[in-house]
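> There's a structure below that I have some questions on.
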Amino acid sequence: MIYLDHAASSPVRPEALQAMWPYLTGEFGNPSSHHALGDSASRALADARARLATWFGVRPAEVTFTSGGTEAINLAIKGIALGAPRGRHIVTTPIEHEATLESVDFLRRVHGFEVSYVPVDATGRVDLAALAALVRPDTSLVTVMAANNEVGTIQNCAAIGAIVHAAGSVLHVDAVQAAGWLDVTPDALGADAVSLSGHKVGAPKGIGALAARSRLRIEPLLHGGGQERGRRSGTENVAFAVALATAVGLLSESAADAPAGGASESAGVALLRDHLIEGIETTVPGAVVTGSREHRLPSIASFLFPGTSGEAVLLGLEERGVVSSSGSACAAGSDEPSPVLLALGVSPQDAQTAVRFSLSPSSTLDEVNAAVAATADAVAALTQLR
């Protein structure tokens, strides 16, 4: 099987699995317990927090461990909005992950917030002038994703942050898909809070983190024992926190090991991505690339195959040994066209033909060539049936 769905989930790094194993077995203590096992767990948690803080470029006190990217996004959006004295207005985009869109809609429905959606262009890039016009004195939060999970388009977060901060508001960036490919430190993104998911970067499913400035007042979603400095109650998942810190540490090592002036791991993946795009455009008549050509994650190549069904193409690919997806794994199985593609101006009919390939540093040229051939074959078989 050729796995080209890394944007949905990546395999656990062996080093992360090895690092977490002791805290699933002999070192199983509760980090809040005042005995030897508890102290060992507490030290491991503090070390994991410090390592993650270094990777984020923040202080350890500014890192909150969560159950994953969805909880980190929910905590950032709901927590900052409900804790902010500024106002009850939120700005986001129509191409965000469901965790963001559902969170802001919850605030609208239950707490009376007003939500404004800044438009994007046909490639998925935020209209900066429109954003500047939408941010108001009562805007408590602006929330955007660093890179789109369906089409791979990268936002100019630094420019977005400058606009948001000039208006005196707060910026949260969903870096779930961008982590490992871009610099997702709050300083680089111009953000006040950044969300991360473990299983996109080589840690297990079920762990994530929010890096949020200490000056932010964040209303917790979970109440109880006051863990995570009161921002997220509940016994901490020490083993998975250790795994997450280990995984992001490996990302840093990979970046540091790139030869001076030479190709980095990301650059190598980008070459494979471009080869995949060129191959499919050459061999599949009518194939349409979605997202930005210039501002795109190294890992994502996304297409429309007008006149087909995206789900049928995916089935054809799997029959030929290639695994990919139609877009967000969280929306898999939905009969509705992708809101992301609709926001980019794609027709509902064509949006139903979407297929996303997502690569990793372990992907190879042979796998990409096989994926191109399988795609051409699967689409040809479908068009012959019409």
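Going by the structure tokens order, chains are called A, B, ..., each with residues numbered from 1, while ligands are numbered from 1 in the order shown.
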Skipping near chain neighbours, those fewer than 5 positions away, what residues fall within 9 Å of A:Lys78 using only C-alpha atoms, listed as number ranges by chain?

A: 73, 83, 103-104, 106-107, 218-221

> Using only C-alpha atoms, I'd like a table of the residues in stretch 118-203 of chain A that come within 10 Å of stretch 317-328 of chain A; for each, show the closest atom pair and its distance in Å rounded to one decimal, ordered by chain and ascending number, as CSV.


```
residue,atom,partner,partner_atom,distance
A:Asn148,CA,A:Ser328,CA,9.7
A:Asn149,CA,A:Ser328,CA,6.5
A:Glu150,CA,A:Gly327,CA,4.7
A:Val151,CA,A:Gly327,CA,7.8
```

> Write down as an NGL selection string the residues of stretch 20-188 of chain A whose backbone DSSP state falls under strand (DSSP E or B).

:A and (63-66 or 89-92 or 114-117 or 120 or 126 or 139-145 or 147 or 153-154 or 171-174 or 179 or 182)

> Near stretch 273-288 of chain A, counting only C-alpha atoms, which residues have an atom at most 10 Å away, once you skip same-chain residues fewer than 2 positions from it, shown as a PyMOL selection string?

chain A and resi 267-271+290-291+293+296-307+350+353-354+357-360+363+365+367-380

> Please report, as a PyMOL selection string, each residue of stretch 18-170 of chain A to which DSSP assigns helix (DSSP H, G or I) when run on this structure's backbone.

chain A and resi 18-24+36-56+60-62+69-83+98-111+128-134+157-166

> Set out as a Markdown table a contact list for stretch 103-164 of chain A and stretch 174-188 of chain A with a cut-off of 9 Å, giving each residue of stretch 103-164 of chain A that qualifies its closest atom pair and distance in Å to one decimal, counting only C-alpha atoms, ordered by chain and rising residue number.


```
| residue | atom | partner | partner_atom | distance |
| --- | --- | --- | --- | --- |
| A:Thr143 | CA | A:Asp174 | CA | 7.5 |
| A:Val144 | CA | A:Asp174 | CA | 6.2 |
| A:Met145 | CA | A:Asp174 | CA | 4.3 |
| A:Ala146 | CA | A:Ala175 | CA | 5.3 |
| A:Ala147 | CA | A:Ala178 | CA | 5.5 |
| A:Asn148 | CA | A:Gln177 | CA | 7.0 |
| A:Asn149 | CA | A:Gln177 | CA | 5.8 |
| A:Gly152 | CA | A:Gln177 | CA | 8.5 |
| A:Ile154 | CA | A:Ala178 | CA | 8.2 |
| A:Cys157 | CA | A:Ala188 | CA | 8.2 |
| A:Ala158 | CA | A:Ala188 | CA | 6.8 |
```

> Near A:Pro31, within 10 Å and counting only C-alpha atoms, which residues show up once chain neighbours fewer than 4 positions away are dropped, as a list in words?

His35, Ala36, Leu37, Gly38, Asp39, Ser40, Ala41, Ser42, Arg43, Ala44, Leu45, Ala46, Gln227, Thr235, Glu236, Asn237 and Val238 of chain A

> Store the residues of this selection in a file with N, CA, C and O atoms, as an mmCIF file, in the first residue's frame.


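File produced: again_37.cif:
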```cif
data_model
loop_
_atom_site.group_PDB
_atom_site.id
_atom_site.type_symbol
_atom_site.label_atom_id
_atom_site.label_comp_id
_atom_site.auth_asym_id
_atom_site.auth_seq_id
_atom_site.Cartn_x
_atom_site.Cartn_y
_atom_site.Cartn_z
ATOM 1 N N HIS A 35 4.238 11.566 45.995
ATOM 2 C CA HIS A 35 5.079 10.436 46.360
ATOM 3 C C HIS A 35 6.035 10.204 45.195
ATOM 4 O O HIS A 35 6.028 10.965 44.205
ATOM 5 N N ALA A 36 6.886 9.181 45.318
ATOM 6 C CA ALA A 36 7.963 9.005 44.351
ATOM 7 C C ALA A 36 7.462 8.851 42.918
ATOM 8 O O ALA A 36 7.992 9.460 41.988
ATOM 9 N N LEU A 37 6.410 8.024 42.732
ATOM 10 C CA LEU A 37 5.882 7.833 41.376
ATOM 11 C C LEU A 37 5.277 9.120 40.828
ATOM 12 O O LEU A 37 5.433 9.450 39.644
ATOM 13 N N GLY A 38 4.568 9.842 41.689
ATOM 14 C CA GLY A 38 3.992 11.111 41.271
ATOM 15 C C GLY A 38 5.058 12.138 40.932
ATOM 16 O O GLY A 38 4.948 12.878 39.944
ATOM 17 N N ASP A 39 6.113 12.178 41.746
ATOM 18 C CA ASP A 39 7.194 13.127 41.484
ATOM 19 C C ASP A 39 7.895 12.815 40.164
ATOM 20 O O ASP A 39 8.260 13.725 39.409
ATOM 21 N N SER A 40 8.068 11.527 39.861
ATOM 22 C CA SER A 40 8.694 11.143 38.601
ATOM 23 C C SER A 40 7.848 11.595 37.417
ATOM 24 O O SER A 40 8.367 12.134 36.430
ATOM 25 N N ALA A 41 6.543 11.383 37.527
ATOM 26 C CA ALA A 41 5.644 11.812 36.455
ATOM 27 C C ALA A 41 5.640 13.333 36.324
ATOM 28 O O ALA A 41 5.614 13.871 35.206
ATOM 29 N N SER A 42 5.659 14.030 37.450
ATOM 30 C CA SER A 42 5.661 15.490 37.428
ATOM 31 C C SER A 42 6.912 16.028 36.749
ATOM 32 O O SER A 42 6.851 16.982 35.959
ATOM 33 N N ARG A 43 8.060 15.425 37.037
ATOM 34 C CA ARG A 43 9.303 15.865 36.400
ATOM 35 C C ARG A 43 9.272 15.604 34.893
ATOM 36 O O ARG A 43 9.714 16.432 34.093
ATOM 37 N N ALA A 44 8.730 14.447 34.504
ATOM 38 C CA ALA A 44 8.643 14.135 33.071
ATOM 39 C C ALA A 44 7.730 15.127 32.351
ATOM 40 O O ALA A 44 8.031 15.572 31.238
ATOM 41 N N LEU A 45 6.633 15.475 33.003
ATOM 42 C CA LEU A 45 5.699 16.432 32.400
ATOM 43 C C LEU A 45 6.338 17.809 32.274
ATOM 44 O O LEU A 45 6.203 18.475 31.238
ATOM 45 N N ALA A 46 7.046 18.230 33.325
ATOM 46 C CA ALA A 46 7.708 19.536 33.287
ATOM 47 C C ALA A 46 8.774 19.578 32.202
ATOM 48 O O ALA A 46 8.933 20.587 31.495
ATOM 49 N N GLN A 227 -5.504 21.774 36.904
ATOM 50 C CA GLN A 227 -4.233 21.456 36.261
ATOM 51 C C GLN A 227 -3.958 22.411 35.094
ATOM 52 O O GLN A 227 -4.825 23.165 34.677
ATOM 53 N N THR A 235 -6.370 15.154 34.895
ATOM 54 C CA THR A 235 -5.057 14.534 35.057
ATOM 55 C C THR A 235 -4.314 14.525 33.727
ATOM 56 O O THR A 235 -4.832 14.049 32.717
ATOM 57 N N GLU A 236 -3.102 15.027 33.742
ATOM 58 C CA GLU A 236 -2.342 15.176 32.503
ATOM 59 C C GLU A 236 -1.923 13.827 31.929
ATOM 60 O O GLU A 236 -1.608 12.889 32.668
ATOM 61 N N ASN A 237 -1.894 13.759 30.611
ATOM 62 C CA ASN A 237 -1.483 12.558 29.889
ATOM 63 C C ASN A 237 0.038 12.612 29.721
ATOM 64 O O ASN A 237 0.557 13.046 28.696
ATOM 65 N N VAL A 238 0.733 12.177 30.757
ATOM 66 C CA VAL A 238 2.186 12.334 30.799
ATOM 67 C C VAL A 238 2.864 11.623 29.637
ATOM 68 O O VAL A 238 3.726 12.184 28.950
#
```

> Separation of atom CA of A:Gly124 and atom CA of A:Ser338, in Å?

13.0 Å

> Just to confirm, what's the straight-line distance from atom CA of A:Ile90 to atom CA of A:Pro339 in Å (one decimal)?

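The value is 19.2 Å.
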
> How far is it from atom CA of A:Ser33 to atom CA of A:Thr54, in Å with one decimal?

26.4 Å
